[in-house]
Every structure is written in C-alpha cells, then in structure tokens.
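Shown next: run.cif, containing mmCIF, C-alpha atoms and all ligand atoms.
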```
data_query
#
loop_
_atom_site.label_atom_id
_atom_site.label_comp_id
_atom_site.auth_asym_id
_atom_site.auth_seq_id
_atom_site.Cartn_x
_atom_site.Cartn_y
_atom_site.Cartn_z
CA MET X 1 0.00 0.00 0.00
CA PHE X 2 1.06 3.58 -0.66
CA VAL X 3 -1.17 5.18 1.94
CA ALA X 4 -1.31 4.20 5.62
CA ALA X 5 -2.82 5.71 8.75
CA ASP X 6 -0.88 7.36 11.56
CA LYS X 7 -1.78 6.80 15.24
CA ASP X 8 -4.46 9.49 15.02
CA GLY X 9 -6.05 7.89 11.97
CA ASN X 10 -4.76 10.52 9.51
CA LYS X 11 -3.85 9.41 6.00
CA VAL X 12 -0.09 9.42 5.35
CA LEU X 13 1.34 9.06 1.85
CA ILE X 14 4.45 6.87 1.54
CA GLU X 15 6.37 9.92 0.27
CA ASN X 16 5.76 11.63 3.64
CA ALA X 17 6.42 8.62 5.84
CA VAL X 18 9.17 8.99 8.44
CA GLU X 19 11.36 6.08 9.56
CA GLY X 20 10.70 5.06 13.13
CA VAL X 21 7.16 6.45 13.23
CA GLU X 22 4.31 3.94 13.63
CA TYR X 23 1.85 3.52 10.75
CA PHE X 24 -1.18 1.29 10.43
CA CYS X 25 -3.04 -0.63 7.73
CA PRO X 26 -6.27 1.21 6.90
CA VAL X 27 -8.10 -2.10 6.40
CA CYS X 28 -7.12 -4.18 9.45
CA GLY X 29 -5.46 -1.63 11.72
CA ARG X 30 -2.29 -3.73 12.20
CA GLY X 31 1.07 -1.97 12.19
CA VAL X 32 2.85 -1.64 8.86
CA ILE X 33 6.46 -1.00 7.92
CA ILE X 34 8.12 1.05 5.16
CA LYS X 35 9.40 -1.31 2.49
CA ALA X 36 11.49 -1.29 -0.69
CA LYS X 37 13.24 2.04 -0.04
CA GLY X 38 15.66 2.54 -2.93
CA SER X 39 14.42 -0.52 -4.82
CA LEU X 40 14.42 -0.38 -8.61
CA ALA X 41 11.93 -3.21 -9.02
CA VAL X 42 9.04 -1.72 -7.08
CA ALA X 43 8.16 1.63 -5.58
CA GLN X 44 8.64 2.30 -1.89
CA HIS X 45 5.49 1.23 -0.05
CA PHE X 46 3.96 0.22 3.26
CA ALA X 47 3.68 -3.50 4.01
CA HIS X 48 2.40 -5.67 6.81
CA LYS X 49 5.07 -7.00 9.16
CA LYS X 50 6.49 -10.43 8.41
CA GLY X 51 4.15 -13.22 9.41
CA GLU X 52 1.17 -10.92 9.83
CA SER X 53 -1.69 -11.26 7.43
CA CYS X 54 -4.46 -8.94 6.40
CA PRO X 55 -8.09 -9.93 5.70
CA ASP X 56 -7.75 -8.03 2.41
CA LYS X 57 -6.22 -10.71 0.18
CA TRP X 58 -6.21 -8.76 -3.08
CA ARG X 59 -2.82 -8.33 -4.70
CA TYR X 60 -2.03 -4.66 -5.24
CA ASP X 61 0.26 -3.31 -7.92
CA MET X 62 3.29 -1.63 -6.30
CA SER X 63 4.98 -0.24 -9.41
CA GLU X 64 6.38 3.26 -9.90
CA TRP X 65 4.04 3.64 -12.89
CA HIS X 66 1.09 2.92 -10.61
CA ARG X 67 2.28 5.32 -7.93
CA THR X 68 2.87 8.14 -10.40
CA TRP X 69 -0.65 7.84 -11.76
CA GLN X 70 -2.20 7.60 -8.31
CA ASN X 71 -0.32 10.65 -7.11
CA TRP X 72 -2.00 12.86 -9.69
CA PHE X 73 -5.12 12.60 -7.53
CA PRO X 74 -5.73 14.35 -4.19
CA LYS X 75 -4.65 12.47 -1.07
CA GLU X 76 -8.22 11.92 0.12
CA CYS X 77 -9.01 10.10 -3.16
CA GLN X 78 -6.05 7.72 -2.96
CA GLU X 79 -6.41 4.19 -1.58
CA VAL X 80 -9.87 4.67 -0.23
CA VAL X 81 -11.14 1.79 1.89
CA VAL X 82 -14.41 0.53 0.44
CA GLU X 83 -16.59 -1.80 2.48
CA ASN X 84 -19.42 -4.07 1.41
CA ASN X 85 -21.04 -6.58 3.80
CA GLY X 86 -18.04 -6.43 6.10
CA VAL X 87 -15.54 -7.06 3.28
CA LYS X 88 -12.97 -4.29 2.85
CA HIS X 89 -10.69 -3.46 -0.06
CA ARG X 90 -8.66 -0.43 -1.08
CA ALA X 91 -9.62 1.37 -4.28
CA ASP X 92 -6.51 2.78 -6.00
CA VAL X 93 -8.48 5.99 -6.51
CA LEU X 94 -12.06 6.79 -5.61
CA ILE X 95 -13.27 10.07 -7.06
CA ASN X 96 -16.80 11.32 -7.81
CA GLY X 97 -18.35 7.85 -7.57
CA THR X 98 -15.76 6.23 -9.82
CA VAL X 99 -13.13 3.72 -8.75
CA ILE X 100 -9.97 3.96 -10.85
CA GLU X 101 -7.63 0.97 -10.86
CA PHE X 102 -4.12 1.32 -12.26
CA GLN X 103 -2.55 -1.93 -13.36
CA HIS X 104 1.04 -2.44 -14.39
CA SER X 105 1.71 -5.92 -13.03
CA PRO X 106 -0.02 -9.00 -14.47
CA ILE X 107 -3.55 -9.62 -13.28
CA THR X 108 -5.90 -12.47 -14.12
CA ALA X 109 -9.33 -12.17 -15.73
CA GLU X 110 -10.80 -13.64 -12.54
CA GLU X 111 -9.21 -10.93 -10.42
CA ILE X 112 -10.48 -8.20 -12.74
CA ALA X 113 -14.00 -9.65 -12.71
CA GLU X 114 -13.95 -9.96 -8.92
CA ARG X 115 -12.97 -6.31 -8.49
CA ASN X 116 -15.58 -5.15 -11.00
CA LYS X 117 -18.22 -7.13 -9.14
CA PHE X 118 -17.18 -5.79 -5.73
CA TYR X 119 -17.10 -2.12 -6.72
CA ALA X 120 -20.29 -2.38 -8.78
CA ALA X 121 -22.05 -3.88 -5.74
CA CYS X 122 -20.92 -0.78 -3.81
CA GLY X 123 -22.58 1.39 -6.48
CA TYR X 124 -19.42 2.68 -8.15
CA LYS X 125 -18.41 2.95 -11.78
CA ILE X 126 -15.05 1.36 -12.55
CA VAL X 127 -12.22 2.57 -14.74
CA TRP X 128 -9.16 0.47 -15.48
CA VAL X 129 -5.93 1.95 -16.76
CA PHE X 130 -3.54 -0.74 -17.96
CA ASP X 131 0.10 -0.07 -18.63
CA ALA X 132 0.22 -1.39 -22.19
CA GLU X 133 3.69 -0.04 -22.96
CA GLY X 134 5.44 -2.44 -25.33
CA LYS X 135 2.40 -4.70 -25.53
CA ILE X 136 0.59 -3.25 -28.53
CA LYS X 137 1.24 -3.61 -32.25
CA ASN X 138 -0.49 -2.69 -35.49
CA GLU X 139 -1.58 -5.71 -37.47
CA PHE X 140 -1.32 -3.98 -40.84
CA ASP X 141 1.23 -1.19 -40.53
CA ASP X 142 4.23 0.03 -38.53
CA THR X 143 2.52 2.78 -36.64
CA ILE X 144 0.84 2.44 -33.28
CA ASP X 145 -0.11 6.10 -33.20
CA PRO X 146 -3.89 5.90 -32.66
CA MET X 147 -4.43 8.94 -34.90
CA ARG X 148 -2.87 7.09 -37.81
CA CYS X 149 -4.59 3.76 -37.23
CA ARG X 150 -8.10 2.69 -37.92
CA GLU X 151 -9.93 1.82 -34.75
CA GLU X 152 -9.62 -1.92 -35.39
CA ASP X 153 -5.94 -1.95 -36.43
CA LEU X 154 -4.32 -2.42 -33.06
CA CYS X 155 -3.84 -5.71 -31.32
CA TRP X 156 -1.76 -7.30 -28.60
CA LYS X 157 1.79 -8.32 -29.39
CA ARG X 158 1.19 -11.50 -27.44
CA ALA X 159 -2.42 -12.42 -26.88
CA LYS X 160 -2.77 -13.12 -23.19
CA ARG X 161 -5.44 -14.84 -21.25
CA GLU X 162 -6.03 -11.89 -18.93
CA PHE X 163 -7.24 -9.73 -21.75
CA SER X 164 -10.04 -12.07 -22.77
CA ILE X 165 -12.43 -10.31 -20.44
CA LYS X 166 -15.93 -9.06 -20.88
CA MET X 167 -16.32 -5.54 -19.57
CA PRO X 168 -19.78 -4.70 -18.24
CA GLU X 169 -21.37 -1.36 -19.13
CA ASN X 170 -20.28 0.39 -15.94
CA VAL X 171 -16.61 -0.44 -16.63
CA LYS X 172 -14.26 1.51 -18.89
CA VAL X 173 -10.83 0.34 -19.96
CA TYR X 174 -7.99 2.61 -20.97
CA LEU X 175 -4.64 1.43 -22.27
CA GLU X 176 -1.63 3.66 -21.82
CA TYR X 177 1.52 3.42 -23.88
CA LYS X 178 4.20 5.64 -25.31
CA THR X 179 4.97 6.12 -28.95
CA THR X 180 7.67 8.18 -30.60
CA ASP X 181 5.72 7.87 -33.81
CA LEU X 182 3.42 10.81 -33.25
CA ILE X 183 1.95 13.08 -35.91
CA GLU X 184 2.37 16.16 -33.79
CA THR X 185 6.11 16.50 -33.61
CA GLN X 186 5.92 19.05 -30.83
CA GLU X 187 4.70 16.36 -28.46
CA ARG X 188 7.30 15.18 -26.09
CA GLU X 189 8.56 11.65 -26.57
CA GLU X 190 7.91 10.65 -22.99
CA ASP X 191 4.26 11.63 -23.17
CA GLY X 192 2.05 8.62 -22.75
CA ILE X 193 -1.10 8.35 -24.78
CA LEU X 194 -4.29 6.68 -23.69
CA LEU X 195 -6.70 4.64 -25.73
CA LEU X 196 -10.26 4.48 -24.53
CA THR X 197 -11.29 1.03 -25.65
CA ARG X 198 -14.59 -0.06 -27.11
CA LYS X 199 -13.71 -3.74 -26.91
CA VAL X 200 -10.79 -5.63 -25.42
CA GLU X 201 -10.54 -9.08 -26.91
CA PRO X 202 -7.77 -11.69 -26.72
CA LYS X 203 -6.48 -10.80 -30.17
CA GLN X 204 -7.91 -7.39 -30.87
CA ILE X 205 -8.33 -3.99 -29.33
CA THR X 206 -11.04 -1.68 -30.67
CA PHE X 207 -10.75 1.91 -29.52
CA TYR X 208 -12.47 5.28 -29.84
CA LYS X 209 -10.62 7.04 -32.60
CA THR X 210 -10.09 10.72 -31.86
CA ASP X 211 -8.75 13.75 -33.73
CA GLU X 212 -6.24 14.40 -30.98
CA HIS X 213 -4.34 12.26 -28.56
CA ILE X 214 -5.78 11.53 -25.14
CA HIS X 215 -3.16 12.39 -22.55
CA CYS X 216 -2.91 12.06 -18.80
CA LEU X 217 -4.33 15.59 -18.32
CA ASN X 218 -7.41 14.82 -20.43
CA PHE X 219 -7.96 11.71 -18.31
CA LEU X 220 -7.61 13.67 -15.08
CA LYS X 221 -10.07 16.27 -16.35
CA GLU X 222 -12.53 13.53 -17.28
CA TYR X 223 -12.65 12.15 -13.76
CA GLY X 224 -12.47 15.42 -11.87
CA ALA X 225 -8.89 15.59 -10.58
CA PRO X 226 -7.79 19.20 -10.01
CA ILE X 227 -5.69 20.49 -12.91
CA ASN X 228 -4.50 23.90 -13.97
CA GLY X 229 -5.43 25.50 -17.26
CA GLU X 230 -7.88 24.78 -20.02
CA VAL X 231 -7.87 21.09 -20.82
CA LEU X 232 -10.41 19.01 -22.70
CA SER X 233 -11.87 15.98 -20.99
CA VAL X 234 -11.84 12.61 -22.77
CA THR X 235 -15.58 12.95 -23.47
CA GLU X 236 -15.03 16.41 -24.99
CA ILE X 237 -12.27 15.07 -27.25
CA ILE X 238 -14.57 12.29 -28.45
CA GLN X 239 -17.51 14.67 -28.96
CA LYS X 240 -15.29 17.12 -30.84
CA THR X 241 -14.16 14.30 -33.12
CA ILE X 242 -17.72 13.13 -33.79
CA ALA X 243 -18.83 16.72 -34.57
CA HIS X 244 -15.86 17.15 -36.90
CA GLN X 245 -16.60 13.91 -38.75
CA PHE X 246 -20.27 14.87 -39.07
CA ASN X 247 -19.41 18.24 -40.61
CA GLN X 248 -17.08 16.64 -43.12
CA ARG X 249 -19.71 14.15 -44.30
CA PRO X 250 -21.66 15.17 -47.44
CA GLN X 251 -25.21 16.13 -46.47
CA VAL X 252 -27.16 13.34 -48.15
CA GLY X 253 -30.90 13.86 -48.75
CA GLN X 254 -30.88 17.62 -48.29
CA VAL X 255 -33.73 19.23 -50.30
CA THR X 256 -32.69 21.82 -52.85
CA ILE X 257 -34.98 24.81 -52.59
CA GLN X 258 -36.39 25.96 -55.90
CA LEU X 259 -36.56 29.70 -56.40
CA LYS X 260 -39.68 29.70 -58.63
CA PRO X 261 -42.42 29.67 -55.94
CA VAL X 262 -41.01 32.80 -54.31
CA ARG X 263 -43.52 35.14 -56.01
CA ILE X 264 -46.50 33.18 -54.70
CA VAL X 265 -45.11 33.20 -51.15
CA THR X 266 -44.59 36.94 -51.34
CA LYS X 267 -48.22 37.48 -52.33
CA ILE X 268 -49.50 35.48 -49.36
CA VAL X 269 -47.28 37.40 -46.96
CA ARG X 270 -48.50 40.73 -48.35
CA ARG X 271 -52.14 39.71 -48.00
CA HIS X 272 -51.59 38.80 -44.33
CA TYR X 273 -49.74 42.04 -43.78
CA SER X 274 -52.50 44.19 -45.26
CA ARG X 275 -55.17 42.35 -43.23
CA GLY X 276 -53.16 43.09 -40.14
CA ARG X 277 -53.03 46.76 -41.03
CA ARG X 278 -56.81 46.92 -41.40
CA GLY X 279 -57.28 45.51 -37.96
CA LEU X 280 -55.33 48.28 -36.28
ZN ZN X 301 -4.14 -4.99 6.84
#
```
Take the structure in the file and give it back as structure tokens.
Amino acid sequence: MFVAADKDGNKVLIENAVEGVEYFCPVCGRGVIIKAKGSLAVAQHFAHKKGESCPDKWRYDMSEWHRTWQNWFPKECQEVVVENNGVKHRADVLINGTVIEFQHSPITAEEIAERNKFYAACGYKIVWVFDAEGKIKNEFDDTIDPMRCREEDLCWKRAKREFSIKMPENVKVYLEYKTTDLIETQEREEDGILLLTRKVEPKQITFYKTDEHIHCLNFLKEYGAPINGEVLSVTEIIQKTIAHQFNQRPQVGQVTIQLKPVRIVTKIVRRHYSRGRRGL
C-alpha cells in the first residue's frame, strides 16, 4: 500500500512517511512497515510486518508507474477503503463515484472480474488503466499512433489470457503506452497516450478514434482531478471528433430549394400584412 494511517487515523502518503514512526493498515489496523526504499523493481510502499496477514487478500500493484498515476489525484481520493457486507478493499483511486484501478503488473481475468463485481455492488463505476507499454502492435502497418490507425488496427503483441475479459457497461478500460511515432512532432517523446477502448478481446483492441491524442491531463479532467489550465476531458475530445466527422460528411438527402415559388409566397405574406393593417 502507498497510503497508511498514523496513530491518530490521519492518512499518510508513503512519500511523507518517516522512519521510526508507527503507521497502520487502513483495512485491518495492524502496524505496517516502510518497504522497498531505494528498490528499482518496485516503488517504496507500506507492508504488513512479516508473518502478519491482512483480511484483504487482493494483490495490489506496487509499481512506480502505478504510484505516479495515483499521485495525480488528491490524497483523500487515494487508496480509499471501500466496504461491502463487512468485506474491505482499497480502491486505487475513488473520485466522484468512480473507482480507478491502475494496473502495471499482471492480473488475471478472474481478479479483474472480482474487483468489477465488488465495486459495482458498492454502487461505483469502474475505470481500469492498464500499462500497455510495449504490448501493442499494429496488425497492418508500422505505426501504433492511434491517430494514424483505424480503430480496429491495433492488437496485442502476445495475446494473453487476462485480456479475454468481458467488460460490463459500468466499466471503462484505458490502455496507456508511449509512442515516438506521433503526428504532432511538438509532443514530447515521454508523453504517454491513452486509448479508450470499445472492446478488449484476446487478439484485438477496438478503440475510440479521436482527432487528438488523449493524454494524462485529459484523463484527469474527465474524472475530476484538479488540474491547472484549459484542458479538454476525454468525453469532450470524443464529442469534438464526432462533430468534426459529421461536418465533413456530405449532407445526403438535403432538399434543394427551388426559387420559382417565391412570387406566390410573397403574395400570401402581403395579404396577411394588409389584413393586419386593417385591424389596427
Ligand atoms: Zn491490513
């Protein structure tokens, strides 16, 4: 976990944790220790003491990627304990009625389904962000820039079992990856782009094609994280794209107005006008 409680029950982020101070698991209340300081494999985090177990048996992703994403959100939205019928789990982020799960490490379809079921039973919408860096290819071309692909062109490099999952309506799945192959050359290489998926199948990814890339800031705007400046939300980017496509489409079935009947119309209007005058 990246967020623990101090002895007064206040939330403490791992970044603010001090060696020697006591911290506690927000689910079971047992003492936790600071782990993996300076590790390259995982991010520094809180963990239960050796030999002590927690009733929350879910495996939580402890990657730097995960932590960076989570830290974009306010402290009170991070690792929120959610309880249903006495069962407690920690949502990576809970904001405005939406649970956001960030997943870098492998996870099974069963685990994903279990989490969806749990959070849905609590009345929340669920958003998954998978770290898909290095895992996506284009079946027909070299580019994996979503603005240069058709929405069915992308697929997994190696089809994995965990991706053969059915996503219910209240669940959205984003895939994040980096590409140096971007149309807009001014974009920084390290900028990740997000795909909002329509379908995630074992061998194919279908995504919402947009006129501009979806970045971290657009995602944060979508879900209500505080950000500075004018930024479009994901929904706004999609709507803008749809409006743009609609305007470009030839207007089929539009009636051409003939100019001939104009004289007749004018006469009728005049008659009405003169009647109106008489009534005054
Ligand atoms: Zn615990």
Would you mind listing the residues within 6 Å of ligand ZN 301 (chain X), counting all atoms listed in the file, as an MDAnalysis selection string? chainID X and resid 25 27:28 30 54
I'd like the contact shell of X:Phe102 - 10 Å cut-off, all atoms listed in the file, skipping same-chain residues fewer than 2 positions apart - returned as a ChimeraX atom specification. /X:60-63,65-70,91-93,99-100,104-105,127-131,174
Based on the selection just made, write C-alpha atoms of those residues as a PDB file, keeping the file's coordinate frame.
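Output file out-v5.pdb follows:
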```
ATOM      1  CA  TYR X  60      -2.030  -4.660  -5.240  1.00  0.00           C
ATOM      2  CA  ASP X  61       0.260  -3.310  -7.920  1.00  0.00           C
ATOM      3  CA  MET X  62       3.290  -1.630  -6.300  1.00  0.00           C
ATOM      4  CA  SER X  63       4.980  -0.240  -9.410  1.00  0.00           C
ATOM      5  CA  TRP X  65       4.040   3.640 -12.890  1.00  0.00           C
ATOM      6  CA  HIS X  66       1.090   2.920 -10.610  1.00  0.00           C
ATOM      7  CA  ARG X  67       2.280   5.320  -7.930  1.00  0.00           C
ATOM      8  CA  THR X  68       2.870   8.140 -10.400  1.00  0.00           C
ATOM      9  CA  TRP X  69      -0.650   7.840 -11.760  1.00  0.00           C
ATOM     10  CA  GLN X  70      -2.200   7.600  -8.310  1.00  0.00           C
ATOM     11  CA  ALA X  91      -9.620   1.370  -4.280  1.00  0.00           C
ATOM     12  CA  ASP X  92      -6.510   2.780  -6.000  1.00  0.00           C
ATOM     13  CA  VAL X  93      -8.480   5.990  -6.510  1.00  0.00           C
ATOM     14  CA  VAL X  99     -13.130   3.720  -8.750  1.00  0.00           C
ATOM     15  CA  ILE X 100      -9.970   3.960 -10.850  1.00  0.00           C
ATOM     16  CA  HIS X 104       1.040  -2.440 -14.390  1.00  0.00           C
ATOM     17  CA  SER X 105       1.710  -5.920 -13.030  1.00  0.00           C
ATOM     18  CA  VAL X 127     -12.220   2.570 -14.740  1.00  0.00           C
ATOM     19  CA  TRP X 128      -9.160   0.470 -15.480  1.00  0.00           C
ATOM     20  CA  VAL X 129      -5.930   1.950 -16.760  1.00  0.00           C
ATOM     21  CA  PHE X 130      -3.540  -0.740 -17.960  1.00  0.00           C
ATOM     22  CA  ASP X 131       0.100  -0.070 -18.630  1.00  0.00           C
ATOM     23  CA  TYR X 174      -7.990   2.610 -20.970  1.00  0.00           C
TER      24      TYR X 174
END
```
Quick one: of X:Leu13, X:Glu230, X:Thr210, X:Asp8, who's nearest to X:Gln245, counting all atoms listed in the file?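 Using all atoms listed in the file, the shortest distance to X:Gln245 belongs to X:Thr210.
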X:Glu19 surroundings by all atoms listed in the file, 12 Å radius, close-in-sequence under 6 positions cut, as a list in words: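 The residues that qualify are Val32, Ile33, Ile34, Lys35, Lys37 and Phe46 of chain X.
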How many Å lie between atom CA of X:Gln204 and atom CA of X:Thr143, rounded to one decimal? 15.7 Å
Nearest to X:Ala113 by atom-to-atom distance, counting only C-alpha atoms, from X:Gly229, X:Gly9, X:Gly51, X:Pro168: X:Pro168
So the first atom is atom CA of X:Asn138 and the second is atom CA of X:Glu151; what is the distance between them in Å, to one decimal place?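 Going from atom CA of X:Asn138 over to atom CA of X:Glu151 covers 10.5 Å.
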Please list as a VMD selection string every residue within 9 Å of X:Met167, counting all atoms listed in the file and excluding residues in the same chain fewer than 2 positions away. chain X and resid 113 116 165 169 to 173 199 to 200
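The interatomic distance for the pair atom CA of X:His45 and atom CA of X:Ala225 works out to 22.9 Å.
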Which residues are close to X:Pro226, i.e. within 8 Å by all atoms listed in the file, leaving aside same-chain residues fewer than 3 positions away? Reply as an mmCIF file with C-alpha atoms, keeping the file's coordinate frame.
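And here is the file that came out, result_7.cif:
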```cif
data_model
loop_
_atom_site.group_PDB
_atom_site.id
_atom_site.type_symbol
_atom_site.label_atom_id
_atom_site.label_comp_id
_atom_site.auth_asym_id
_atom_site.auth_seq_id
_atom_site.Cartn_x
_atom_site.Cartn_y
_atom_site.Cartn_z
ATOM 1 C CA PHE X 73 -5.120 12.600 -7.530
ATOM 2 C CA PRO X 74 -5.730 14.350 -4.190
ATOM 3 C CA LEU X 220 -7.610 13.670 -15.080
ATOM 4 C CA LYS X 221 -10.070 16.270 -16.350
#
```
So which one's closest to X:Tyr223, X:Lys125, X:His244, X:His48, X:Lys7? Using all atoms listed in the file, please. X:Lys125
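Among the candidate residues X:Ile126, X:Tyr208, X:Ala120, X:Cys216, the one lying nearest to X:Ile242 is X:Tyr208, with distances computed using all atoms listed in the file.
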Pick out the closest residue to X:Arg115 from this set: X:Glu152, X:Gly97, X:Trp58, X:Ala43. Count all atoms listed in the file.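 Closest to X:Arg115 of all the choices is X:Trp58.
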May I have the residues at most 8 Å from (-8.1, -2.8, 1.0) in the file's coordinates, counting only C-alpha atoms, as a ChimeraX atom specification? /X:26-27,56,58,79-82,88-91
Given the selection you just returned, output its residues as a file containing C-alpha atoms, formatted as a PDB file, in the frame of the given file.
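Written out: selection.pdb:
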```
ATOM      1  CA  PRO X  26      -6.270   1.210   6.900  1.00  0.00           C
ATOM      2  CA  VAL X  27      -8.100  -2.100   6.400  1.00  0.00           C
ATOM      3  CA  ASP X  56      -7.750  -8.030   2.410  1.00  0.00           C
ATOM      4  CA  TRP X  58      -6.210  -8.760  -3.080  1.00  0.00           C
ATOM      5  CA  GLU X  79      -6.410   4.190  -1.580  1.00  0.00           C
ATOM      6  CA  VAL X  80      -9.870   4.670  -0.230  1.00  0.00           C
ATOM      7  CA  VAL X  81     -11.140   1.790   1.890  1.00  0.00           C
ATOM      8  CA  VAL X  82     -14.410   0.530   0.440  1.00  0.00           C
ATOM      9  CA  LYS X  88     -12.970  -4.290   2.850  1.00  0.00           C
ATOM     10  CA  HIS X  89     -10.690  -3.460  -0.060  1.00  0.00           C
ATOM     11  CA  ARG X  90      -8.660  -0.430  -1.080  1.00  0.00           C
ATOM     12  CA  ALA X  91      -9.620   1.370  -4.280  1.00  0.00           C
TER      13      ALA X  91
END
```
Of the candidates X:Gly134, X:Pro55, X:Pro202, X:Gly20, which shows the shortest atom-to-atom distance to X:Ala109, using all atoms listed in the file? X:Pro202
My structure is short of atoms at stretch 130-144 of chain X; please model N, CA and C atoms there, returning them as a CSV table (one decimal), keeping the file's coordinate frame.
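File part_28.csv, as written:
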```csv
chain,number,residue,atom,x,y,z
X,130,PHE,N,-4.6,0.3,-17.9
X,130,PHE,CA,-3.5,-0.7,-18.0
X,130,PHE,C,-2.3,-0.1,-18.6
X,131,ASP,N,-1.2,-0.5,-18.0
X,131,ASP,CA,0.1,-0.1,-18.6
X,131,ASP,C,0.4,-1.0,-19.8
X,132,ALA,N,0.1,-0.5,-21.0
X,132,ALA,CA,0.2,-1.4,-22.2
X,132,ALA,C,1.5,-1.1,-23.0
X,133,GLU,N,2.4,-0.4,-22.3
X,133,GLU,CA,3.7,0.0,-23.0
X,133,GLU,C,4.4,-1.3,-23.5
X,134,GLY,N,4.7,-1.3,-24.7
X,134,GLY,CA,5.4,-2.4,-25.3
X,134,GLY,C,4.6,-3.6,-25.6
X,135,LYS,N,3.3,-3.5,-25.4
X,135,LYS,CA,2.4,-4.7,-25.5
X,135,LYS,C,1.5,-4.6,-26.7
X,136,ILE,N,1.5,-3.5,-27.4
X,136,ILE,CA,0.6,-3.2,-28.5
X,136,ILE,C,1.3,-3.2,-29.9
X,137,LYS,N,0.7,-3.7,-30.9
X,137,LYS,CA,1.2,-3.6,-32.2
X,137,LYS,C,0.1,-3.3,-33.2
X,138,ASN,N,0.5,-2.9,-34.4
X,138,ASN,CA,-0.5,-2.7,-35.5
X,138,ASN,C,-0.4,-3.9,-36.4
X,139,GLU,N,-1.5,-4.5,-36.7
X,139,GLU,CA,-1.6,-5.7,-37.5
X,139,GLU,C,-1.2,-5.5,-38.9
X,140,PHE,N,-1.4,-4.2,-39.4
X,140,PHE,CA,-1.3,-4.0,-40.8
X,140,PHE,C,-0.2,-3.0,-41.2
X,141,ASP,N,0.3,-2.3,-40.2
X,141,ASP,CA,1.2,-1.2,-40.5
X,141,ASP,C,2.3,-1.1,-39.4
X,142,ASP,N,3.2,-0.1,-39.5
X,142,ASP,CA,4.2,0.0,-38.5
X,142,ASP,C,3.7,0.9,-37.4
X,143,THR,N,2.9,1.8,-37.7
X,143,THR,CA,2.5,2.8,-36.6
X,143,THR,C,1.5,2.3,-35.6
X,144,ILE,N,1.8,2.7,-34.3
X,144,ILE,CA,0.8,2.4,-33.3
X,144,ILE,C,0.3,3.8,-32.7
```
